[in-house]
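Dumped model13.pdb below, it's PDB, N, CA and C atoms:
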ATOM      1  N   MET J1293     -37.317 -33.300 121.189
ATOM      2  CA  MET J1293     -37.360 -34.487 122.024
ATOM      3  C   MET J1293     -36.486 -34.247 123.263
ATOM      4  N   ALA J1294     -37.013 -34.577 124.427
ATOM      5  CA  ALA J1294     -36.278 -34.426 125.680
ATOM      6  C   ALA J1294     -35.118 -35.425 125.733
ATOM      7  N   GLN J1295     -34.069 -35.056 126.434
ATOM      8  CA  GLN J1295     -32.879 -35.903 126.540
ATOM      9  C   GLN J1295     -32.809 -36.572 127.909
ATOM     10  N   LEU J1296     -32.329 -37.814 127.926
ATOM     11  CA  LEU J1296     -32.087 -38.499 129.192
ATOM     12  C   LEU J1296     -30.927 -37.823 129.899
ATOM     13  N   ASP J1297     -31.002 -37.763 131.209
ATOM     14  CA  ASP J1297     -29.959 -37.157 132.024
ATOM     15  C   ASP J1297     -29.074 -38.277 132.558
ATOM     16  N   SER J1298     -27.822 -38.305 132.155
ATOM     17  CA  SER J1298     -26.922 -39.403 132.528
ATOM     18  C   SER J1298     -26.675 -39.466 134.034
ATOM     19  N   ILE J1299     -26.809 -38.353 134.721
ATOM     20  CA  ILE J1299     -26.612 -38.356 136.176
ATOM     21  C   ILE J1299     -27.814 -38.995 136.855
ATOM     22  N   ILE J1300     -29.000 -38.608 136.450
ATOM     23  CA  ILE J1300     -30.226 -39.136 137.075
ATOM     24  C   ILE J1300     -30.517 -40.553 136.616
ATOM     25  N   HIS J1301     -30.112 -40.913 135.420
ATOM     26  CA  HIS J1301     -30.501 -42.194 134.823
ATOM     27  C   HIS J1301     -30.031 -43.417 135.609
ATOM     28  N   GLN J1302     -28.937 -43.307 136.332
ATOM     29  CA  GLN J1302     -28.431 -44.434 137.124
ATOM     30  C   GLN J1302     -29.548 -44.861 138.095
ATOM     31  N   PRO J1303     -29.855 -46.162 138.217
ATOM     32  CA  PRO J1303     -31.026 -46.611 138.978
ATOM     33  C   PRO J1303     -31.147 -46.093 140.411
ATOM     34  N   VAL J1304     -30.073 -46.105 141.186
ATOM     35  CA  VAL J1304     -30.189 -45.630 142.572
ATOM     36  C   VAL J1304     -30.460 -44.125 142.587
ATOM     37  N   ARG J1305     -29.770 -43.384 141.729
ATOM     38  CA  ARG J1305     -29.990 -41.929 141.688
ATOM     39  C   ARG J1305     -31.388 -41.592 141.187
ATOM     40  N   LEU J1306     -31.905 -42.381 140.259
ATOM     41  CA  LEU J1306     -33.274 -42.184 139.792
ATOM     42  C   LEU J1306     -34.257 -42.392 140.943
ATOM     43  N   ARG J1307     -34.019 -43.406 141.747
ATOM     44  CA  ARG J1307     -34.886 -43.677 142.903
ATOM     45  C   ARG J1307     -34.746 -42.588 143.968
ATOM     46  N   ILE J1308     -33.538 -42.057 144.147
ATOM     47  CA  ILE J1308     -33.335 -40.955 145.092
ATOM     48  C   ILE J1308     -34.153 -39.754 144.650
ATOM     49  N   MET J1309     -33.989 -39.361 143.393
ATOM     50  CA  MET J1309     -34.701 -38.189 142.883
ATOM     51  C   MET J1309     -36.209 -38.405 142.898
ATOM     52  N   SER J1310     -36.648 -39.611 142.588
ATOM     53  CA  SER J1310     -38.072 -39.936 142.638
ATOM     54  C   SER J1310     -38.623 -39.720 144.048
ATOM     55  N   SER J1311     -37.885 -40.183 145.020
ATOM     56  CA  SER J1311     -38.298 -40.026 146.423
ATOM     57  C   SER J1311     -38.348 -38.565 146.813
ATOM     58  N   LEU J1312     -37.358 -37.801 146.375
ATOM     59  CA  LEU J1312     -37.294 -36.386 146.743
ATOM     60  C   LEU J1312     -38.351 -35.552 146.033
ATOM     61  N   MET J1313     -38.875 -36.040 144.930
ATOM     62  CA  MET J1313     -39.948 -35.322 144.245
ATOM     63  C   MET J1313     -41.255 -35.430 145.037
ATOM     64  N   VAL J1314     -41.395 -36.509 145.775
ATOM     65  CA  VAL J1314     -42.612 -36.732 146.559
ATOM     66  C   VAL J1314     -42.459 -36.175 147.970
ATOM     67  N   LEU J1315     -41.321 -36.410 148.568
ATOM     68  CA  LEU J1315     -41.049 -35.961 149.931
ATOM     69  C   LEU J1315     -40.138 -34.742 149.873
ATOM     70  N   GLU J1316     -40.563 -33.650 150.447
ATOM     71  CA  GLU J1316     -39.807 -32.406 150.332
ATOM     72  C   GLU J1316     -38.386 -32.516 150.882
ATOM     73  N   GLN J1317     -38.257 -33.149 152.031
ATOM     74  CA  GLN J1317     -36.943 -33.318 152.644
ATOM     75  C   GLN J1317     -36.944 -34.659 153.380
ATOM     76  N   VAL J1318     -35.862 -35.418 153.227
ATOM     77  CA  VAL J1318     -35.789 -36.706 153.896
ATOM     78  C   VAL J1318     -34.474 -36.819 154.656
ATOM     79  N   GLU J1319     -34.518 -37.599 155.700
ATOM     80  CA  GLU J1319     -33.316 -37.859 156.472
ATOM     81  C   GLU J1319     -32.514 -38.961 155.774
ATOM     82  N   PHE J1320     -31.208 -38.849 155.857
ATOM     83  CA  PHE J1320     -30.294 -39.802 155.229
ATOM     84  C   PHE J1320     -30.665 -41.237 155.581
ATOM     85  N   THR J1321     -30.880 -41.525 156.859
ATOM     86  CA  THR J1321     -31.158 -42.904 157.279
ATOM     87  C   THR J1321     -32.488 -43.416 156.714
ATOM     88  N   TYR J1322     -33.478 -42.533 156.611
ATOM     89  CA  TYR J1322     -34.761 -42.925 156.027
ATOM     90  C   TYR J1322     -34.559 -43.305 154.565
ATOM     91  N   LEU J1323     -33.817 -42.477 153.848
ATOM     92  CA  LEU J1323     -33.551 -42.734 152.433
ATOM     93  C   LEU J1323     -32.750 -44.020 152.254
ATOM     94  N   ARG J1324     -31.765 -44.213 153.092
ATOM     95  CA  ARG J1324     -30.939 -45.435 153.032
ATOM     96  C   ARG J1324     -31.812 -46.683 153.210
ATOM     97  N   ASP J1325     -32.688 -46.646 154.210
ATOM     98  CA  ASP J1325     -33.561 -47.794 154.485
ATOM     99  C   ASP J1325     -34.596 -47.993 153.381
ATOM    100  N   LEU J1326     -35.126 -46.898 152.861
ATOM    101  CA  LEU J1326     -36.116 -46.965 151.785
ATOM    102  C   LEU J1326     -35.523 -47.612 150.538
ATOM    103  N   LEU J1327     -34.298 -47.214 150.202
ATOM    104  CA  LEU J1327     -33.657 -47.709 148.985
ATOM    105  C   LEU J1327     -32.895 -49.014 149.184
ATOM    106  N   LYS J1328     -32.726 -49.410 150.443
ATOM    107  CA  LYS J1328     -32.001 -50.641 150.781
ATOM    108  C   LYS J1328     -30.584 -50.635 150.211
ATOM    109  N   VAL J1329     -29.852 -49.567 150.525
ATOM    110  CA  VAL J1329     -28.456 -49.428 150.117
ATOM    111  C   VAL J1329     -27.612 -49.174 151.366
ATOM    112  N   THR J1330     -26.313 -49.301 151.225
ATOM    113  CA  THR J1330     -25.418 -49.054 152.350
ATOM    114  C   THR J1330     -25.186 -47.553 152.515
ATOM    115  N   ASP J1331     -24.680 -47.171 153.675
ATOM    116  CA  ASP J1331     -24.349 -45.768 153.926
ATOM    117  C   ASP J1331     -23.383 -45.244 152.868
ATOM    118  N   GLY J1332     -22.331 -46.021 152.594
ATOM    119  CA  GLY J1332     -21.314 -45.604 151.632
ATOM    120  C   GLY J1332     -21.866 -45.471 150.225
ATOM    121  N   ASN J1333     -22.710 -46.415 149.830
ATOM    122  CA  ASN J1333     -23.305 -46.382 148.498
ATOM    123  C   ASN J1333     -24.211 -45.164 148.356
ATOM    124  N   LEU J1334     -25.062 -44.937 149.349
ATOM    125  CA  LEU J1334     -25.956 -43.786 149.296
ATOM    126  C   LEU J1334     -25.148 -42.489 149.306
ATOM    127  N   GLY J1335     -24.135 -42.424 150.147
ATOM    128  CA  GLY J1335     -23.303 -41.232 150.229
ATOM    129  C   GLY J1335     -22.645 -40.891 148.903
ATOM    130  N   ALA J1336     -22.172 -41.905 148.190
ATOM    131  CA  ALA J1336     -21.530 -41.686 146.890
ATOM    132  C   ALA J1336     -22.534 -41.153 145.869
ATOM    133  N   HIS J1337     -23.730 -41.708 145.864
ATOM    134  CA  HIS J1337     -24.753 -41.245 144.919
ATOM    135  C   HIS J1337     -25.229 -39.837 145.267
ATOM    136  N   LEU J1338     -25.370 -39.552 146.548
ATOM    137  CA  LEU J1338     -25.773 -38.211 146.957
ATOM    138  C   LEU J1338     -24.705 -37.189 146.578
ATOM    139  N   ALA J1339     -23.443 -37.566 146.725
ATOM    140  CA  ALA J1339     -22.348 -36.656 146.364
ATOM    141  C   ALA J1339     -22.406 -36.313 144.875
ATOM    142  N   LYS J1340     -22.704 -37.293 144.046
ATOM    143  CA  LYS J1340     -22.799 -37.076 142.597
ATOM    144  C   LYS J1340     -23.958 -36.126 142.273
ATOM    145  N   LEU J1341     -25.094 -36.339 142.930
ATOM    146  CA  LEU J1341     -26.256 -35.473 142.710
ATOM    147  C   LEU J1341     -26.011 -34.063 143.242
ATOM    148  N   GLU J1342     -25.330 -33.964 144.370
ATOM    149  CA  GLU J1342     -25.018 -32.658 144.954
ATOM    150  C   GLU J1342     -24.030 -31.896 144.050
ATOM    151  N   GLU J1343     -23.057 -32.598 143.542
ATOM    152  CA  GLU J1343     -22.062 -32.006 142.642
ATOM    153  C   GLU J1343     -22.738 -31.417 141.395
ATOM    154  N   ALA J1344     -23.796 -32.064 140.932
ATOM    155  CA  ALA J1344     -24.539 -31.589 139.760
ATOM    156  C   ALA J1344     -25.494 -30.454 140.120
ATOM    157  N   GLY J1345     -25.667 -30.199 141.410
ATOM    158  CA  GLY J1345     -26.583 -29.149 141.846
ATOM    159  C   GLY J1345     -28.030 -29.602 141.905
ATOM    160  N   TYR J1346     -28.250 -30.915 141.887
ATOM    161  CA  TYR J1346     -29.605 -31.463 141.879
ATOM    162  C   TYR J1346     -30.203 -31.636 143.270
ATOM    163  N   ILE J1347     -29.361 -31.735 144.270
ATOM    164  CA  ILE J1347     -29.853 -31.886 145.644
ATOM    165  C   ILE J1347     -29.079 -30.957 146.567
ATOM    166  N   ARG J1348     -29.644 -30.752 147.744
ATOM    167  CA  ARG J1348     -28.974 -30.003 148.793
ATOM    168  C   ARG J1348     -28.895 -30.917 150.013
ATOM    169  N   ILE J1349     -27.746 -30.929 150.651
ATOM    170  CA  ILE J1349     -27.546 -31.741 151.854
ATOM    171  C   ILE J1349     -27.326 -30.803 153.028
ATOM    172  N   ASP J1350     -28.146 -30.960 154.058
ATOM    173  CA  ASP J1350     -28.031 -30.150 155.273
ATOM    174  C   ASP J1350     -27.676 -31.051 156.439
ATOM    175  N   LYS J1351     -26.562 -30.730 157.087
ATOM    176  CA  LYS J1351     -26.140 -31.490 158.266
ATOM    177  C   LYS J1351     -26.409 -30.636 159.491
ATOM    178  N   THR J1352     -27.044 -31.250 160.469
ATOM    179  CA  THR J1352     -27.408 -30.528 161.674
ATOM    180  C   THR J1352     -27.379 -31.475 162.868
ATOM    181  N   PHE J1353     -27.633 -30.943 164.038
ATOM    182  CA  PHE J1353     -27.731 -31.771 165.242
ATOM    183  C   PHE J1353     -29.148 -31.683 165.771
ATOM    184  N   VAL J1354     -29.707 -32.826 166.105
ATOM    185  CA  VAL J1354     -31.024 -32.909 166.723
ATOM    186  C   VAL J1354     -30.840 -33.710 168.000
ATOM    187  N   ALA J1355     -31.148 -33.081 169.121
ATOM    188  CA  ALA J1355     -30.944 -33.715 170.439
ATOM    189  C   ALA J1355     -29.506 -34.241 170.560
ATOM    190  N   ARG J1356     -28.564 -33.404 170.177
ATOM    191  CA  ARG J1356     -27.131 -33.690 170.263
ATOM    192  C   ARG J1356     -26.640 -34.822 169.356
ATOM    193  N   LYS J1357     -27.480 -35.246 168.443
ATOM    194  CA  LYS J1357     -27.086 -36.308 167.511
ATOM    195  C   LYS J1357     -27.010 -35.715 166.108
ATOM    196  N   PRO J1358     -25.958 -36.069 165.362
ATOM    197  CA  PRO J1358     -25.854 -35.543 163.998
ATOM    198  C   PRO J1358     -26.932 -36.141 163.092
ATOM    199  N   ARG J1359     -27.544 -35.282 162.293
ATOM    200  CA  ARG J1359     -28.567 -35.721 161.349
ATOM    201  C   ARG J1359     -28.254 -35.094 159.997
ATOM    202  N   THR J1360     -28.499 -35.841 158.949
ATOM    203  CA  THR J1360     -28.291 -35.348 157.592
ATOM    204  C   THR J1360     -29.625 -35.384 156.864
ATOM    205  N   PHE J1361     -29.992 -34.242 156.305
ATOM    206  CA  PHE J1361     -31.244 -34.125 155.562
ATOM    207  C   PHE J1361     -30.949 -33.813 154.108
ATOM    208  N   VAL J1362     -31.739 -34.394 153.230
ATOM    209  CA  VAL J1362     -31.536 -34.259 151.787
ATOM    210  C   VAL J1362     -32.809 -33.700 151.159
ATOM    211  N   SER J1363     -32.641 -32.745 150.246
ATOM    212  CA  SER J1363     -33.791 -32.209 149.510
ATOM    213  C   SER J1363     -33.372 -31.910 148.069
ATOM    214  N   ALA J1364     -34.346 -31.926 147.175
ATOM    215  CA  ALA J1364     -34.089 -31.619 145.764
ATOM    216  C   ALA J1364     -34.054 -30.110 145.586
ATOM    217  N   THR J1365     -33.179 -29.633 144.733
ATOM    218  CA  THR J1365     -33.127 -28.211 144.393
ATOM    219  C   THR J1365     -34.074 -27.962 143.217
ATOM    220  N   GLY J1366     -34.290 -26.695 142.905
ATOM    221  CA  GLY J1366     -35.097 -26.360 141.732
ATOM    222  C   GLY J1366     -34.481 -26.930 140.465
ATOM    223  N   LYS J1367     -33.167 -26.832 140.362
ATOM    224  CA  LYS J1367     -32.455 -27.382 139.204
ATOM    225  C   LYS J1367     -32.656 -28.889 139.125
ATOM    226  N   GLY J1368     -32.610 -29.563 140.278
ATOM    227  CA  GLY J1368     -32.805 -31.010 140.319
ATOM    228  C   GLY J1368     -34.217 -31.412 139.935
ATOM    229  N   ARG J1369     -35.200 -30.654 140.407
ATOM    230  CA  ARG J1369     -36.598 -30.929 140.056
ATOM    231  C   ARG J1369     -36.814 -30.760 138.553
ATOM    232  N   ASP J1370     -36.248 -29.694 138.002
ATOM    233  CA  ASP J1370     -36.375 -29.455 136.555
ATOM    234  C   ASP J1370     -35.713 -30.575 135.757
ATOM    235  N   ALA J1371     -34.509 -30.973 136.164
ATOM    236  CA  ALA J1371     -33.780 -32.041 135.461
ATOM    237  C   ALA J1371     -34.551 -33.356 135.537
ATOM    238  N   PHE J1372     -35.151 -33.627 136.690
ATOM    239  CA  PHE J1372     -35.934 -34.853 136.856
ATOM    240  C   PHE J1372     -37.133 -34.846 135.909
ATOM    241  N   GLU J1373     -37.829 -33.721 135.822
ATOM    242  CA  GLU J1373     -38.998 -33.624 134.944
ATOM    243  C   GLU J1373     -38.612 -33.847 133.478
ATOM    244  N   VAL J1374     -37.499 -33.273 133.055
ATOM    245  CA  VAL J1374     -37.029 -33.469 131.680
ATOM    246  C   VAL J1374     -36.681 -34.942 131.447
ATOM    247  N   HIS J1375     -36.029 -35.554 132.434
ATOM    248  CA  HIS J1375     -35.640 -36.965 132.323
ATOM    249  C   HIS J1375     -36.880 -37.851 132.202
ATOM    250  N   ILE J1376     -37.871 -37.605 133.026
ATOM    251  CA  ILE J1376     -39.107 -38.402 133.001
ATOM    252  C   ILE J1376     -39.829 -38.199 131.664
ATOM    253  N   THR J1377     -39.824 -36.979 131.154
ATOM    254  CA  THR J1377     -40.429 -36.704 129.840
ATOM    255  C   THR J1377     -39.724 -37.525 128.756
ATOM    256  N   ALA J1378     -38.401 -37.573 128.824
ATOM    257  CA  ALA J1378     -37.633 -38.355 127.844
ATOM    258  C   ALA J1378     -37.975 -39.839 127.952
ATOM    259  N   LEU J1379     -38.095 -40.350 129.159
ATOM    260  CA  LEU J1379     -38.467 -41.763 129.343
ATOM    261  C   LEU J1379     -39.850 -42.038 128.765
ATOM    262  N   LYS J1380     -40.790 -41.133 129.010
ATOM    263  CA  LYS J1380     -42.147 -41.307 128.471
ATOM    264  C   LYS J1380     -42.134 -41.315 126.950
ATOM    265  N   GLU J1381     -41.320 -40.436 126.355
ATOM    266  CA  GLU J1381     -41.224 -40.389 124.898
ATOM    267  C   GLU J1381     -40.673 -41.698 124.337
ATOM    268  N   ILE J1382     -39.728 -42.286 125.048
ATOM    269  CA  ILE J1382     -39.165 -43.565 124.609
ATOM    270  C   ILE J1382     -40.222 -44.667 124.696
ATOM    271  N   VAL J1383     -40.944 -44.711 125.793
ATOM    272  CA  VAL J1383     -41.950 -45.752 126.021
ATOM    273  C   VAL J1383     -43.139 -45.593 125.080
ATOM    274  N   GLU J1384     -43.587 -44.360 124.909
ATOM    275  CA  GLU J1384     -44.785 -44.119 124.098
ATOM    276  C   GLU J1384     -44.488 -44.065 122.609
ATOM    277  N   GLY J1385     -43.245 -43.907 122.235
ATOM    278  CA  GLY J1385     -42.890 -43.816 120.824
ATOM    279  C   GLY J1385     -43.051 -42.405 120.307
ATOM    280  N   PRO J1386     -42.607 -42.182 119.091
ATOM    281  CA  PRO J1386     -42.679 -40.833 118.524
ATOM    282  C   PRO J1386     -44.116 -40.412 118.257
ATOM    283  N   LYS J1387     -44.374 -39.135 118.454
ATOM    284  CA  LYS J1387     -45.699 -38.572 118.174
ATOM    285  C   LYS J1387     -45.676 -38.012 116.757
ATOM    286  N   THR J1388     -46.653 -38.422 115.957
ATOM    287  CA  THR J1388     -46.743 -37.898 114.600
ATOM    288  C   THR J1388     -48.130 -37.315 114.388
ATOM    289  N   LYS J1389     -48.252 -36.463 113.371
ATOM    290  CA  LYS J1389     -49.547 -35.861 113.063
ATOM    291  C   LYS J1389     -50.544 -36.928 112.620
ATOM    292  N   ASN J1390     -50.057 -37.938 111.943
ATOM    293  CA  ASN J1390     -50.925 -38.999 111.433
ATOM    294  C   ASN J1390     -50.673 -40.264 112.257
ATOM    295  N   SER J1391     -50.957 -40.156 113.558
ATOM    296  CA  SER J1391     -50.620 -41.252 114.464
ATOM    297  C   SER J1391     -51.420 -42.519 114.203
ATOM    298  N   SER J1392     -52.628 -42.404 113.634
ATOM    299  CA  SER J1392     -53.412 -43.609 113.384
ATOM    300  C   SER J1392     -52.733 -44.502 112.345
ATOM    301  N   LYS J1393     -52.112 -43.898 111.328
ATOM    302  CA  LYS J1393     -51.434 -44.689 110.314
ATOM    303  C   LYS J1393     -50.158 -45.314 110.874
ATOM    304  N   SER J1394     -49.440 -44.553 111.729
ATOM    305  CA  SER J1394     -48.184 -45.083 112.267
ATOM    306  C   SER J1394     -48.428 -46.208 113.266
ATOM    307  N   ASN J1395     -49.639 -46.280 113.801
ATOM    308  CA  ASN J1395     -49.950 -47.326 114.772
ATOM    309  C   ASN J1395     -50.566 -48.564 114.126
ATOM    310  N   GLU J1396     -50.855 -48.504 112.818
ATOM    311  CA  GLU J1396     -51.437 -49.658 112.142
ATOM    312  C   GLU J1396     -50.409 -50.777 112.042
ATOM    313  N   ARG J1397     -50.879 -51.985 112.164
ATOM    314  CA  ARG J1397     -49.987 -53.145 112.027
ATOM    315  C   ARG J1397     -49.755 -53.453 110.554
ATOM    316  N   VAL J1398     -48.567 -53.847 110.259
ATOM    317  CA  VAL J1398     -48.237 -54.240 108.902
ATOM    318  C   VAL J1398     -48.699 -55.672 108.710
ATOM    319  N   LYS J1399     -49.460 -55.909 107.618
ATOM    320  CA  LYS J1399     -49.978 -57.262 107.380
ATOM    321  C   LYS J1399     -49.121 -57.996 106.401
TER     322      LYS J1399
END

Since I need it in another form, could you write the structure as structure tokens?
Amino acid sequence: MAQLDSIIHQPVRLRIMSSLMVLEQVEFTYLRDLLKVTDGNLGAHLAKLEEAGYIRIDKTFVARKPRTFVSATGKGRDAFEVHITALKEIVEGPKTKNSSKSNERVK
């Protein structure tokens, strides 16, 4: 059985990782607006994910303005997939060889 990841499980971090699984790289401000969180709140969650090696943060200048871009690492993508598998197992219940009997209602 897959295990829930305590780092990803937090709701904002789960939404961050979900977004990064779909979008290869996102700008900090786009992510902040998408998730409707403050700069400080997003920064704290990104730091936690970066510390775990789940994301990469690239700071650069575009037209002389600082920009921060965020992307998921291979380790982060793998951890997210395991976490989602664990959630599905919880929602769908245990799989058994005789699933028809386990799904019968008790009368």

- For atom N of J:Gly1332 and atom N of J:Phe1320, quote the distance in Å rounded to one decimal.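 A separation of 11.9 Å between them.
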
- In Å to one decimal, how far is atom C of J:Thr1321 from atom N of J:Asn1333? 12.3 Å

- Task: Apply DSSP to the structure's backbone, then extract all residues of chain J labelled helix (DSSP H, G or I) and return them as number ranges by chain.
- Result: J: 1298-1301, 1303-1314, 1320-1327, 1331-1343, 1366-1384, 1391-1394

- Task: Please write as a PyMOL selection string the full residue list that the PyMOL selection byres ((chain J and resi 1318) around 6) yields on this file.
- Result: chain J and resi 1315-1317+1319-1320+1323+1360-1363

- Message: When DSSP is applied to the backbone of this structure, which of chain J are assigned strand (DSSP E or B)? Write them out as a list in words.
- Response: Gln1317, Val1318, Glu1319, Ile1347, Arg1348, Ile1349, Asp1350, Lys1351, Thr1352, Phe1353, Val1354, Lys1357, Pro1358, Arg1359, Thr1360, Phe1361, Val1362, Ser1363 and Ala1364 of chain J

Kindly export the residues of the current selection with N, CA and C atoms, as a tab-separated table (two decimals), in the coordinates of the input.
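File written: result-v8.tsv
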chain	number	residue	atom	x	y	z
J	1317	GLN	N	-38.26	-33.15	152.03
J	1317	GLN	CA	-36.94	-33.32	152.64
J	1317	GLN	C	-36.94	-34.66	153.38
J	1318	VAL	N	-35.86	-35.42	153.23
J	1318	VAL	CA	-35.79	-36.71	153.90
J	1318	VAL	C	-34.47	-36.82	154.66
J	1319	GLU	N	-34.52	-37.60	155.70
J	1319	GLU	CA	-33.32	-37.86	156.47
J	1319	GLU	C	-32.51	-38.96	155.77
J	1347	ILE	N	-29.36	-31.74	144.27
J	1347	ILE	CA	-29.85	-31.89	145.64
J	1347	ILE	C	-29.08	-30.96	146.57
J	1348	ARG	N	-29.64	-30.75	147.74
J	1348	ARG	CA	-28.97	-30.00	148.79
J	1348	ARG	C	-28.90	-30.92	150.01
J	1349	ILE	N	-27.75	-30.93	150.65
J	1349	ILE	CA	-27.55	-31.74	151.85
J	1349	ILE	C	-27.33	-30.80	153.03
J	1350	ASP	N	-28.15	-30.96	154.06
J	1350	ASP	CA	-28.03	-30.15	155.27
J	1350	ASP	C	-27.68	-31.05	156.44
J	1351	LYS	N	-26.56	-30.73	157.09
J	1351	LYS	CA	-26.14	-31.49	158.27
J	1351	LYS	C	-26.41	-30.64	159.49
J	1352	THR	N	-27.04	-31.25	160.47
J	1352	THR	CA	-27.41	-30.53	161.67
J	1352	THR	C	-27.38	-31.48	162.87
J	1353	PHE	N	-27.63	-30.94	164.04
J	1353	PHE	CA	-27.73	-31.77	165.24
J	1353	PHE	C	-29.15	-31.68	165.77
J	1354	VAL	N	-29.71	-32.83	166.10
J	1354	VAL	CA	-31.02	-32.91	166.72
J	1354	VAL	C	-30.84	-33.71	168.00
J	1357	LYS	N	-27.48	-35.25	168.44
J	1357	LYS	CA	-27.09	-36.31	167.51
J	1357	LYS	C	-27.01	-35.72	166.11
J	1358	PRO	N	-25.96	-36.07	165.36
J	1358	PRO	CA	-25.85	-35.54	164.00
J	1358	PRO	C	-26.93	-36.14	163.09
J	1359	ARG	N	-27.54	-35.28	162.29
J	1359	ARG	CA	-28.57	-35.72	161.35
J	1359	ARG	C	-28.25	-35.09	160.00
J	1360	THR	N	-28.50	-35.84	158.95
J	1360	THR	CA	-28.29	-35.35	157.59
J	1360	THR	C	-29.62	-35.38	156.86
J	1361	PHE	N	-29.99	-34.24	156.30
J	1361	PHE	CA	-31.24	-34.12	155.56
J	1361	PHE	C	-30.95	-33.81	154.11
J	1362	VAL	N	-31.74	-34.39	153.23
J	1362	VAL	CA	-31.54	-34.26	151.79
J	1362	VAL	C	-32.81	-33.70	151.16
J	1363	SER	N	-32.64	-32.74	150.25
J	1363	SER	CA	-33.79	-32.21	149.51
J	1363	SER	C	-33.37	-31.91	148.07
J	1364	ALA	N	-34.35	-31.93	147.18
J	1364	ALA	CA	-34.09	-31.62	145.76
J	1364	ALA	C	-34.05	-30.11	145.59

Could you extract stretch 1370-1388 of chain J of the given structure into a file holding C-alpha atoms, as a compact mmCIF listing (two decimals), in the first residue's frame?
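What ended up in decode34.txt:
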# COMPACT_ATOMS: atom_id res chain seq x y z
CA ASP J 1370 7.59 10.64 -8.16
CA ALA J 1371 6.55 11.63 -4.61
CA PHE J 1372 3.37 13.24 -5.95
CA GLU J 1373 2.44 10.10 -7.90
CA VAL J 1374 2.94 7.91 -4.81
CA HIS J 1375 0.86 10.34 -2.73
CA ILE J 1376 -1.99 10.35 -5.27
CA THR J 1377 -1.88 6.53 -5.41
CA ALA J 1378 -2.21 6.44 -1.61
CA LEU J 1379 -5.19 8.82 -1.73
CA LYS J 1380 -6.87 6.67 -4.39
CA GLU J 1381 -6.34 3.56 -2.26
CA ILE J 1382 -7.99 5.29 0.69
CA VAL J 1383 -10.97 6.46 -1.39
CA GLU J 1384 -11.44 3.22 -3.31
CA GLY J 1385 -10.87 0.94 -0.33
CA PRO J 1386 -8.72 -2.16 -0.15
CA LYS J 1387 -8.46 -4.39 -3.21
CA THR J 1388 -9.14 -8.05 -2.54
